[in-house]
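Participant: First the structure, then my questions, so here it is.
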Amino acid sequence: MRFTQLVTKTMRDDPPEAETASHRLLLRAGFIYQVAAGIYASLPLAWRTLRKIEAIIREEMDAAGGQELMMPALQPLELWQQTGRAAAFGDNLFSLEDRRGRPMALAPTHEEVVTSIVRANVQSYRDLPQILYQIQTKFRDEPRPRAGLVRVREFTMKDAYSFNGDEESLEQSYRAMAQAYHNIYRRCGLPVLMAEADSGAIGGKDSHEFILATDTGEDTVITCSGCSYTANAEKAEALLPEGTVEVEVCLEEVSTPGIKTIADLAEYLDIPAEKTLKAVFYMADDEIVFVTIRGDLEVNEVKLKNALHVNELRMAGDEEVEAAGLVAGSASGIGIAGIQRVADFSISKGSNFVVGANKPNAHLRGANYPRDFEVDLLTDIALVQPGQPCPRCGRGLEAIRGVEVGHIFKLGTFFSEALGATFLDRDGRQQPVIMGCYGIGVGRLMAAAIEQNHDERGIVFPVPIAPYQVHLVGLNLGQEEVAQAAEALYIELWDMGIECLYDDRTDQSAGVKLNDADLMGLPVRVIVSPRNVQQGAVEVKGRLEGDAVMVPLNEVPGDIQERLDSYHGS
Ligand SMILES: [Zn+2]
């Protein structure tokens, strides 16, 4: 590809609307074009990278026994109503009417359609197992599209679905997909963490996310350096150190004028936060819930939502707290009745806590569970903090930020039961098909790769997904012998199967060309200049290397091939 033929132009300055590195760099390097909020065109450079990612995905999905198909994005809304997911997706589901007034949807995922296909085609256990996948466009009406390609309204996804006759077979498909995912990320040059994930309200069992570590990622993974335990923040568990066990003392009221937060309370009474209990109020499907957790911990709302088996959970407002006869900032379980009370296990780790007195400006010392108050549900609803002991081996846990680039999920029979996808088992009994689903956002993977691989000058593409492998820069191309040398090298590299972008511009300075090379981040840069050509050599440099080396012209192709092979291996 010649630079002068590229449709896209690079930008010198950061676009003001871009808040993350990948968004900024993809716009500046001319990879994407924003059509509307959360809607982007993939321009030729991005498209090359996306097609490379897709090719790797296809090979690994096929190797794992997947069969590719293509399902429509446009679907009757009725199908979504049959599973209740039209309501579950709510405003995130793009819906429209056709010319006859029939309600339609633009699909954000394809469980409904793929289950209908299996319903029509699978009759017996002999027809199972099946793994079907597609690489296709999805739609999601995000309330706040952001971060360029990370959170968008139209996106390309590889979605796969497994159909199995029993749990053991599902486990096999699930493991095959997990392995295929590991292979895909490794081949893209992207190290990922596989984290246990929350399986949500649908009632599936196992679920794992694949997270690419980045400084600015919106997800947090909790991981242990002592064993393999890795889970996302919503799912992660930790051991709680036993609090100091003291002789239980009597309850005693203390005056705490104007004190409403745990931090203020701990400072005012000169005690550590873990010697207090925190009260938090939630509205769970329109019912107020009283939650107690040790003062040094935070509530994990996903765990709480799952423990309560509700669809919606949010913090209660001050008016809702007051209406329930409770005092925000000074509440505790002592003397509270007629309201659902949930507590975290941590309230039983320690004794003689300071808690709210259920009246303004006062707290109680010496509160002990279960001596002084009851709860309806005592369970794990705590957000894990870095440094807490690992639930498997006891070593301190670490928190890592990252971007989710894949998700695998044992769905169970939710969709097959809702849509009647059944088969006859070996004993001639009608059974619902057991399902798993497996997704990778293709554009998001490219964006996450750039989040993880860039520096202050631009993108640093991993070799396997770089749009081109070599950035050939010609300087002073007005000089005939320089232009000839660059042209000859360009043709030779392509003849060897090395993809080369040739900056053949004659109207740009060396500085602009070298900045553009750094910005676009191709793995190897080659400079052909009058000085080099006089010496019968060119300058070759890896994107992250400080200094270029002079390589004799006849050795250039071999040198580049060697470099690309070594980057592949690293
Ligand atoms: Zn561990």
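How things are named: the first chain in the structure tokens is A, the next is B, and so on; residues count from 1 in each chain; ligands count from 1 in the order shown.
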Using only C-alpha atoms and all ligand atoms, find each residue with an atom at most 7 Å away from ligand 1 and format the answer as a short mmCIF file (atom, residue, chain, number, x, y, z; two decimals) with N, CA, C and O atoms, in the first residue's frame.

Facilitator:
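Below is the file that was written, result_27.cif:
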```cif
data_model
loop_
_atom_site.label_atom_id
_atom_site.label_comp_id
_atom_site.auth_asym_id
_atom_site.auth_seq_id
_atom_site.Cartn_x
_atom_site.Cartn_y
_atom_site.Cartn_z
N CYS A 224 -4.70 -13.83 42.44
CA CYS A 224 -3.80 -14.27 43.49
C CYS A 224 -2.48 -14.69 42.86
O CYS A 224 -2.47 -15.45 41.89
N SER A 225 -1.37 -14.21 43.39
CA SER A 225 -0.07 -14.59 42.84
C SER A 225 0.39 -15.93 43.41
O SER A 225 1.31 -16.55 42.89
N GLY A 226 -0.29 -16.39 44.44
CA GLY A 226 0.12 -17.64 45.06
C GLY A 226 -0.50 -18.88 44.42
O GLY A 226 0.07 -19.96 44.43
N CYS A 227 -1.71 -18.73 43.85
CA CYS A 227 -2.36 -19.86 43.18
C CYS A 227 -3.02 -19.29 41.92
O CYS A 227 -2.78 -18.15 41.55
N SER A 228 -3.85 -20.05 41.26
CA SER A 228 -4.41 -19.57 39.99
C SER A 228 -5.73 -18.82 40.18
O SER A 228 -6.37 -18.45 39.21
N TYR A 229 -6.13 -18.57 41.42
CA TYR A 229 -7.44 -17.94 41.62
C TYR A 229 -7.52 -16.57 40.95
O TYR A 229 -6.71 -15.69 41.21
N CYS A 390 -6.51 -14.65 49.88
CA CYS A 390 -7.10 -15.48 48.82
C CYS A 390 -7.97 -16.58 49.44
O CYS A 390 -7.57 -17.20 50.41
N PRO A 391 -9.16 -16.82 48.85
CA PRO A 391 -10.04 -17.86 49.41
C PRO A 391 -9.49 -19.27 49.24
O PRO A 391 -9.91 -20.19 49.93
N ARG A 392 -8.54 -19.47 48.33
CA ARG A 392 -7.99 -20.81 48.09
C ARG A 392 -6.71 -21.04 48.88
O ARG A 392 -6.51 -22.11 49.43
N CYS A 393 -5.79 -20.05 48.89
CA CYS A 393 -4.47 -20.31 49.48
C CYS A 393 -4.08 -19.32 50.58
O CYS A 393 -3.07 -19.51 51.24
N GLY A 394 -4.86 -18.27 50.78
CA GLY A 394 -4.59 -17.37 51.90
C GLY A 394 -3.60 -16.26 51.62
O GLY A 394 -3.43 -15.35 52.44
N ARG A 395 -2.97 -16.27 50.47
CA ARG A 395 -2.03 -15.19 50.15
C ARG A 395 -2.80 -13.91 49.81
O ARG A 395 -3.97 -13.96 49.46
#
```

Participant: Give me, as JSON lines, the closest atom pair and its distance (Å, one decimal) for every residue of segment 71-154 of chain A within a cut-off of 12 Å of segment 400-416 of chain A, counting only C-alpha atoms, rows sorted by chain and rising number.

Facilitator:
```
{"residue": "A:Leu79", "atom": "CA", "partner": "A:Phe415", "partner_atom": "CA", "distance": 10.9}
{"residue": "A:Trp80", "atom": "CA", "partner": "A:Phe415", "partner_atom": "CA", "distance": 10.6}
{"residue": "A:Gln81", "atom": "CA", "partner": "A:Phe415", "partner_atom": "CA", "distance": 11.9}
{"residue": "A:Gln82", "atom": "CA", "partner": "A:Phe415", "partner_atom": "CA", "distance": 9.4}
{"residue": "A:Thr83", "atom": "CA", "partner": "A:Phe415", "partner_atom": "CA", "distance": 6.8}
{"residue": "A:Gly84", "atom": "CA", "partner": "A:Phe415", "partner_atom": "CA", "distance": 10.0}
{"residue": "A:Arg85", "atom": "CA", "partner": "A:Phe415", "partner_atom": "CA", "distance": 10.2}
{"residue": "A:His110", "atom": "CA", "partner": "A:Phe415", "partner_atom": "CA", "distance": 10.8}
{"residue": "A:Glu111", "atom": "CA", "partner": "A:Phe415", "partner_atom": "CA", "distance": 7.1}
{"residue": "A:Glu112", "atom": "CA", "partner": "A:Phe415", "partner_atom": "CA", "distance": 6.9}
{"residue": "A:Val113", "atom": "CA", "partner": "A:Phe415", "partner_atom": "CA", "distance": 10.1}
{"residue": "A:Val114", "atom": "CA", "partner": "A:Phe415", "partner_atom": "CA", "distance": 9.8}
{"residue": "A:Thr115", "atom": "CA", "partner": "A:Ser416", "partner_atom": "CA", "distance": 6.4}
{"residue": "A:Ser116", "atom": "CA", "partner": "A:Ser416", "partner_atom": "CA", "distance": 8.5}
{"residue": "A:Ile117", "atom": "CA", "partner": "A:Ser416", "partner_atom": "CA", "distance": 10.9}
{"residue": "A:Val118", "atom": "CA", "partner": "A:Ser416", "partner_atom": "CA", "distance": 9.0}
{"residue": "A:Arg119", "atom": "CA", "partner": "A:Ser416", "partner_atom": "CA", "distance": 8.0}
{"residue": "A:Ala120", "atom": "CA", "partner": "A:Ser416", "partner_atom": "CA", "distance": 11.7}
{"residue": "A:Val122", "atom": "CA", "partner": "A:Ser416", "partner_atom": "CA", "distance": 11.6}
{"residue": "A:Ala147", "atom": "CA", "partner": "A:Val403", "partner_atom": "CA", "distance": 11.2}
{"residue": "A:Leu149", "atom": "CA", "partner": "A:Val403", "partner_atom": "CA", "distance": 11.6}
{"residue": "A:Val150", "atom": "CA", "partner": "A:Val403", "partner_atom": "CA", "distance": 8.3}
{"residue": "A:Arg151", "atom": "CA", "partner": "A:Val403", "partner_atom": "CA", "distance": 10.7}
```

Participant: Can I get the selection written as a JSON list (two decimals), in the first residue's frame, with N, CA, C and O atoms?

Facilitator:
```json
[["chain", "number", "residue", "atom", "x", "y", "z"],
["A", 79, "LEU", "N", -40.14, -12.80, 19.14],
["A", 79, "LEU", "CA", -39.19, -13.81, 19.59],
["A", 79, "LEU", "C", -38.55, -13.40, 20.92],
["A", 79, "LEU", "O", -38.29, -14.23, 21.79],
["A", 80, "TRP", "N", -38.33, -12.12, 21.06],
["A", 80, "TRP", "CA", -37.70, -11.59, 22.28],
["A", 80, "TRP", "C", -38.70, -11.53, 23.43],
["A", 80, "TRP", "O", -38.32, -11.58, 24.59],
["A", 81, "GLN", "N", -39.97, -11.43, 23.05],
["A", 81, "GLN", "CA", -41.00, -11.42, 24.11],
["A", 81, "GLN", "C", -41.20, -12.82, 24.68],
["A", 81, "GLN", "O", -41.49, -13.00, 25.85],
["A", 82, "GLN", "N", -41.03, -13.82, 23.80],
["A", 82, "GLN", "CA", -41.24, -15.20, 24.27],
["A", 82, "GLN", "C", -40.26, -15.60, 25.36],
["A", 82, "GLN", "O", -40.56, -16.45, 26.20],
["A", 83, "THR", "N", -39.05, -15.02, 25.37],
["A", 83, "THR", "CA", -38.08, -15.35, 26.41],
["A", 83, "THR", "C", -38.05, -14.32, 27.53],
["A", 83, "THR", "O", -37.29, -14.45, 28.47],
["A", 84, "GLY", "N", -38.86, -13.26, 27.39],
["A", 84, "GLY", "CA", -38.88, -12.22, 28.40],
["A", 84, "GLY", "C", -37.71, -11.26, 28.29],
["A", 84, "GLY", "O", -37.53, -10.37, 29.12],
["A", 85, "ARG", "N", -36.90, -11.44, 27.22],
["A", 85, "ARG", "CA", -35.71, -10.59, 27.17],
["A", 85, "ARG", "C", -35.97, -9.23, 26.53],
["A", 85, "ARG", "O", -35.13, -8.35, 26.65],
["A", 110, "HIS", "N", -27.82, -13.43, 19.94],
["A", 110, "HIS", "CA", -28.63, -14.30, 19.07],
["A", 110, "HIS", "C", -29.14, -15.59, 19.71],
["A", 110, "HIS", "O", -29.43, -16.55, 18.99],
["A", 111, "GLU", "N", -29.26, -15.63, 21.02],
["A", 111, "GLU", "CA", -29.74, -16.87, 21.65],
["A", 111, "GLU", "C", -31.11, -17.28, 21.11],
["A", 111, "GLU", "O", -31.36, -18.47, 20.88],
["A", 112, "GLU", "N", -32.01, -16.31, 20.94],
["A", 112, "GLU", "CA", -33.38, -16.64, 20.52],
["A", 112, "GLU", "C", -33.39, -17.30, 19.14],
["A", 112, "GLU", "O", -34.02, -18.33, 18.93],
["A", 113, "VAL", "N", -32.68, -16.66, 18.19],
["A", 113, "VAL", "CA", -32.72, -17.18, 16.82],
["A", 113, "VAL", "C", -32.00, -18.53, 16.72],
["A", 113, "VAL", "O", -32.49, -19.47, 16.10],
["A", 114, "VAL", "N", -30.83, -18.63, 17.35],
["A", 114, "VAL", "CA", -30.07, -19.87, 17.22],
["A", 114, "VAL", "C", -30.82, -21.03, 17.90],
["A", 114, "VAL", "O", -30.80, -22.16, 17.41],
["A", 115, "THR", "N", -31.53, -20.72, 18.98],
["A", 115, "THR", "CA", -32.31, -21.77, 19.63],
["A", 115, "THR", "C", -33.48, -22.21, 18.74],
["A", 115, "THR", "O", -33.81, -23.40, 18.69],
["A", 116, "SER", "N", -34.08, -21.26, 18.01],
["A", 116, "SER", "CA", -35.15, -21.64, 17.08],
["A", 116, "SER", "C", -34.61, -22.53, 15.97],
["A", 116, "SER", "O", -35.29, -23.46, 15.52],
["A", 117, "ILE", "N", -33.40, -22.24, 15.52],
["A", 117, "ILE", "CA", -32.79, -23.06, 14.46],
["A", 117, "ILE", "C", -32.58, -24.48, 14.97],
["A", 117, "ILE", "O", -32.88, -25.47, 14.27],
["A", 118, "VAL", "N", -32.10, -24.59, 16.19],
["A", 118, "VAL", "CA", -31.86, -25.92, 16.76],
["A", 118, "VAL", "C", -33.19, -26.65, 17.02],
["A", 118, "VAL", "O", -33.32, -27.85, 16.79],
["A", 119, "ARG", "N", -34.19, -25.91, 17.46],
["A", 119, "ARG", "CA", -35.51, -26.50, 17.68],
["A", 119, "ARG", "C", -36.02, -27.16, 16.39],
["A", 119, "ARG", "O", -36.58, -28.24, 16.41],
["A", 120, "ALA", "N", -35.76, -26.50, 15.26],
["A", 120, "ALA", "CA", -36.27, -27.01, 13.99],
["A", 120, "ALA", "C", -35.42, -28.16, 13.44],
["A", 120, "ALA", "O", -35.86, -28.88, 12.56],
["A", 122, "VAL", "N", -32.90, -30.25, 15.50],
["A", 122, "VAL", "CA", -32.40, -31.30, 16.41],
["A", 122, "VAL", "C", -33.58, -32.06, 16.98],
["A", 122, "VAL", "O", -34.49, -31.46, 17.55],
["A", 147, "ALA", "N", -15.59, 5.76, 25.05],
["A", 147, "ALA", "CA", -14.27, 5.15, 24.87],
["A", 147, "ALA", "C", -14.09, 4.57, 23.48],
["A", 147, "ALA", "O", -13.52, 3.50, 23.31],
["A", 149, "LEU", "N", -14.21, 2.48, 20.48],
["A", 149, "LEU", "CA", -14.78, 1.18, 20.12],
["A", 149, "LEU", "C", -15.08, 0.29, 21.32],
["A", 149, "LEU", "O", -15.50, -0.84, 21.17],
["A", 150, "VAL", "N", -14.82, 0.77, 22.55],
["A", 150, "VAL", "CA", -15.03, -0.10, 23.72],
["A", 150, "VAL", "C", -16.52, -0.21, 24.05],
["A", 150, "VAL", "O", -17.02, -1.29, 24.36],
["A", 151, "ARG", "N", -17.24, 0.90, 24.01],
["A", 151, "ARG", "CA", -18.68, 0.85, 24.32],
["A", 151, "ARG", "C", -19.43, 1.55, 23.19],
["A", 151, "ARG", "O", -19.46, 2.78, 23.14]]
```

Participant: Report the residues of segment 81-312 of chain A whose backbone DSSP state falls under strand (DSSP E or B), written as a PyMOL selection string.

Facilitator: chain A and resi 94-97+103-106+124+130-139+146+151+154-164+192-196+207-213+219-224+230-232+252-255+276-284+287-294+299

Participant: Can I get the residues of segment 210-322 of chain A within 9 Å of segment 373-384 of chain A, each with the closest pair of atoms and their distance in Å to one decimal, using only C-alpha atoms, sorted chain first then ascending number, as a Markdown table?

Facilitator:
```
| residue | atom | partner | partner_atom | distance |
| --- | --- | --- | --- | --- |
| A:Ile222 | CA | A:Val384 | CA | 7.7 |
| A:Ala233 | CA | A:Val384 | CA | 6.9 |
| A:Glu234 | CA | A:Leu383 | CA | 7.2 |
| A:Lys235 | CA | A:Leu383 | CA | 8.6 |
| A:Ala236 | CA | A:Val384 | CA | 6.3 |
| A:Glu237 | CA | A:Val384 | CA | 6.2 |
| A:Ala238 | CA | A:Val384 | CA | 6.2 |
| A:Thr292 | CA | A:Val375 | CA | 8.9 |
| A:Ile293 | CA | A:Ala382 | CA | 7.6 |
| A:Leu297 | CA | A:Ala382 | CA | 6.5 |
| A:Glu298 | CA | A:Leu383 | CA | 5.5 |
| A:Val299 | CA | A:Ala382 | CA | 4.9 |
| A:Asn300 | CA | A:Leu383 | CA | 4.6 |
| A:Glu301 | CA | A:Ile381 | CA | 7.4 |
| A:Val302 | CA | A:Ile381 | CA | 8.2 |
| A:Lys303 | CA | A:Ile381 | CA | 5.2 |
| A:Leu304 | CA | A:Ile381 | CA | 5.4 |
| A:Ala307 | CA | A:Thr379 | CA | 7.8 |
```

Participant: So that each row is one residue of segment 41-66 of chain A with an atom at most 9 Å from segment 4-10 of chain A, can you give its shortest atom pair and the distance in Å to one decimal, using only C-alpha atoms, rows by chain and rising number, as a Markdown table?

Facilitator:
```
| residue | atom | partner | partner_atom | distance |
| --- | --- | --- | --- | --- |
| A:Leu43 | CA | A:Thr8 | CA | 7.6 |
| A:Pro44 | CA | A:Val7 | CA | 8.0 |
| A:Leu45 | CA | A:Thr8 | CA | 8.6 |
```

Participant: Identify which of the residues A:Pro257, A:Gly478, A:Pro530, A:Pro464 lies closest to Ala362 of chain A, counting only C-alpha atoms when measuring atom-to-atom distances.

Facilitator: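 Ranking A:Pro257, A:Gly478, A:Pro530, A:Pro464 by distance to Ala362 of chain A, first place goes to A:Pro257.
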
Participant: List the spatial neighbours of Val473 of chain A as JSON, numbers by chain - criterion: any atom at most 12 Å away, only C-alpha atoms, same-chain residues fewer than 4 positions off excluded.

Facilitator: {"A": [2, 3, 477, 482, 483, 485, 486, 487, 489, 490, 500, 501, 502, 503, 504, 505, 506, 508, 509, 510, 511, 512, 513, 514, 515, 516, 517, 518, 522, 524, 525, 526, 527, 528, 529, 538, 539, 540, 541]}

Participant: Go ahead and save the picked residues with N, CA and C atoms, as a compact mmCIF listing (two decimals), in the first residue's frame.

Facilitator:
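part_30.txt written:
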```txt
# COMPACT_ATOMS: atom_id res chain seq x y z
N ARG A 2 0.54 2.17 -0.89
CA ARG A 2 1.27 3.44 -0.92
C ARG A 2 0.50 4.48 -0.12
N PHE A 3 1.24 5.23 0.68
CA PHE A 3 0.63 6.23 1.54
C PHE A 3 -0.18 7.21 0.72
N LEU A 477 12.49 11.82 -1.74
CA LEU A 477 12.19 10.94 -2.88
C LEU A 477 12.32 11.64 -4.22
N VAL A 482 17.21 7.39 -4.75
CA VAL A 482 16.51 7.07 -3.50
C VAL A 482 15.14 6.47 -3.83
N ALA A 483 14.41 7.15 -4.72
CA ALA A 483 13.08 6.66 -5.12
C ALA A 483 13.19 5.25 -5.70
N ALA A 485 15.53 2.95 -5.07
CA ALA A 485 15.87 1.98 -4.02
C ALA A 485 14.63 1.64 -3.17
N ALA A 486 13.86 2.69 -2.82
CA ALA A 486 12.67 2.48 -2.00
C ALA A 486 11.63 1.64 -2.75
N GLU A 487 11.43 1.99 -4.01
CA GLU A 487 10.47 1.29 -4.86
C GLU A 487 10.83 -0.20 -4.99
N LEU A 489 12.65 -2.02 -2.95
CA LEU A 489 12.47 -2.70 -1.66
C LEU A 489 10.98 -2.99 -1.41
N TYR A 490 10.17 -2.00 -1.73
CA TYR A 490 8.71 -2.15 -1.56
C TYR A 490 8.19 -3.36 -2.33
N CYS A 500 3.59 -4.39 3.40
CA CYS A 500 4.39 -3.18 3.55
C CYS A 500 3.56 -1.94 3.20
N LEU A 501 3.60 -0.96 4.09
CA LEU A 501 3.03 0.36 3.81
C LEU A 501 4.18 1.28 3.42
N TYR A 502 4.12 1.86 2.25
CA TYR A 502 5.23 2.66 1.73
C TYR A 502 4.85 4.13 1.78
N ASP A 503 5.54 4.89 2.65
CA ASP A 503 5.27 6.33 2.71
C ASP A 503 6.02 7.00 1.56
N ASP A 504 5.31 7.15 0.44
CA ASP A 504 5.91 7.69 -0.79
C ASP A 504 5.56 9.16 -0.98
N ARG A 505 5.15 9.82 0.10
CA ARG A 505 4.77 11.23 -0.03
C ARG A 505 6.01 12.09 -0.32
N THR A 506 5.84 13.02 -1.23
CA THR A 506 6.96 13.92 -1.55
C THR A 506 6.71 15.31 -0.99
N GLN A 508 5.81 15.96 2.25
CA GLN A 508 5.86 16.01 3.72
C GLN A 508 7.31 15.89 4.19
N SER A 509 7.59 16.55 5.33
CA SER A 509 8.95 16.54 5.87
C SER A 509 9.27 15.19 6.49
N ALA A 510 10.57 14.96 6.72
CA ALA A 510 10.99 13.73 7.40
C ALA A 510 10.33 13.63 8.77
N GLY A 511 10.26 14.77 9.48
CA GLY A 511 9.66 14.76 10.83
C GLY A 511 8.22 14.28 10.80
N VAL A 512 7.43 14.79 9.87
CA VAL A 512 6.02 14.39 9.76
C VAL A 512 5.93 12.90 9.46
N LYS A 513 6.75 12.43 8.55
CA LYS A 513 6.68 11.01 8.15
C LYS A 513 7.06 10.09 9.32
N LEU A 514 8.10 10.47 10.06
CA LEU A 514 8.53 9.61 11.17
C LEU A 514 7.51 9.64 12.30
N ASN A 515 6.91 10.81 12.55
CA ASN A 515 5.85 10.88 13.55
C ASN A 515 4.67 10.01 13.16
N ASP A 516 4.30 10.05 11.89
CA ASP A 516 3.18 9.22 11.43
C ASP A 516 3.50 7.72 11.58
N ALA A 517 4.76 7.36 11.33
CA ALA A 517 5.15 5.95 11.48
C ALA A 517 4.99 5.51 12.93
N ASP A 518 5.43 6.37 13.87
CA ASP A 518 5.27 6.04 15.29
C ASP A 518 3.78 5.97 15.66
N LEU A 522 3.22 0.36 13.18
CA LEU A 522 3.55 -0.91 12.52
C LEU A 522 4.85 -1.46 13.13
N VAL A 524 7.78 -2.85 12.18
CA VAL A 524 9.15 -2.55 11.73
C VAL A 524 9.15 -1.31 10.85
N ARG A 525 10.07 -0.40 11.14
CA ARG A 525 10.20 0.80 10.31
C ARG A 525 11.49 0.72 9.53
N VAL A 526 11.42 1.03 8.23
CA VAL A 526 12.60 1.03 7.37
C VAL A 526 12.72 2.41 6.73
N ILE A 527 13.89 3.04 6.87
CA ILE A 527 14.08 4.36 6.26
C ILE A 527 15.07 4.28 5.12
N VAL A 528 14.60 4.75 3.95
CA VAL A 528 15.48 4.88 2.79
C VAL A 528 15.72 6.37 2.58
N SER A 529 16.98 6.81 2.69
CA SER A 529 17.31 8.24 2.55
C SER A 529 18.55 8.37 1.66
N VAL A 538 20.02 0.65 4.46
CA VAL A 538 18.83 1.37 4.96
C VAL A 538 18.84 1.27 6.49
N GLU A 539 18.03 2.15 7.14
CA GLU A 539 17.90 2.08 8.60
C GLU A 539 16.69 1.23 8.94
N VAL A 540 16.88 0.26 9.83
CA VAL A 540 15.78 -0.61 10.25
C VAL A 540 15.62 -0.50 11.76
N LYS A 541 14.36 -0.40 12.21
CA LYS A 541 14.10 -0.23 13.65
C LYS A 541 12.77 -0.85 14.03
```

Participant: Could you make a table, as CSV, of the residues of segment 98-146 of chain A that have an atom within 10 Å of an atom of segment 51-62 of chain A, each with its nearest atom pair and distance in Å to one decimal, counting only C-alpha atoms, in chain and number order?

Facilitator:
```
residue,atom,partner,partner_atom,distance
A:Ile131,CA,A:Met61,CA,9.0
A:Leu132,CA,A:Met61,CA,9.2
A:Tyr133,CA,A:Met61,CA,7.9
A:Gln134,CA,A:Arg58,CA,8.9
A:Ile135,CA,A:Glu54,CA,7.7
```

Participant: Using only C-alpha atoms, find the one residue out of A:Arg187, A:Arg444, A:His363, A:Arg126 that sits nearest to Tyr40 of chain A.

Facilitator: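 With only C-alpha atoms as the atom set, the closest residue is A:Arg444.
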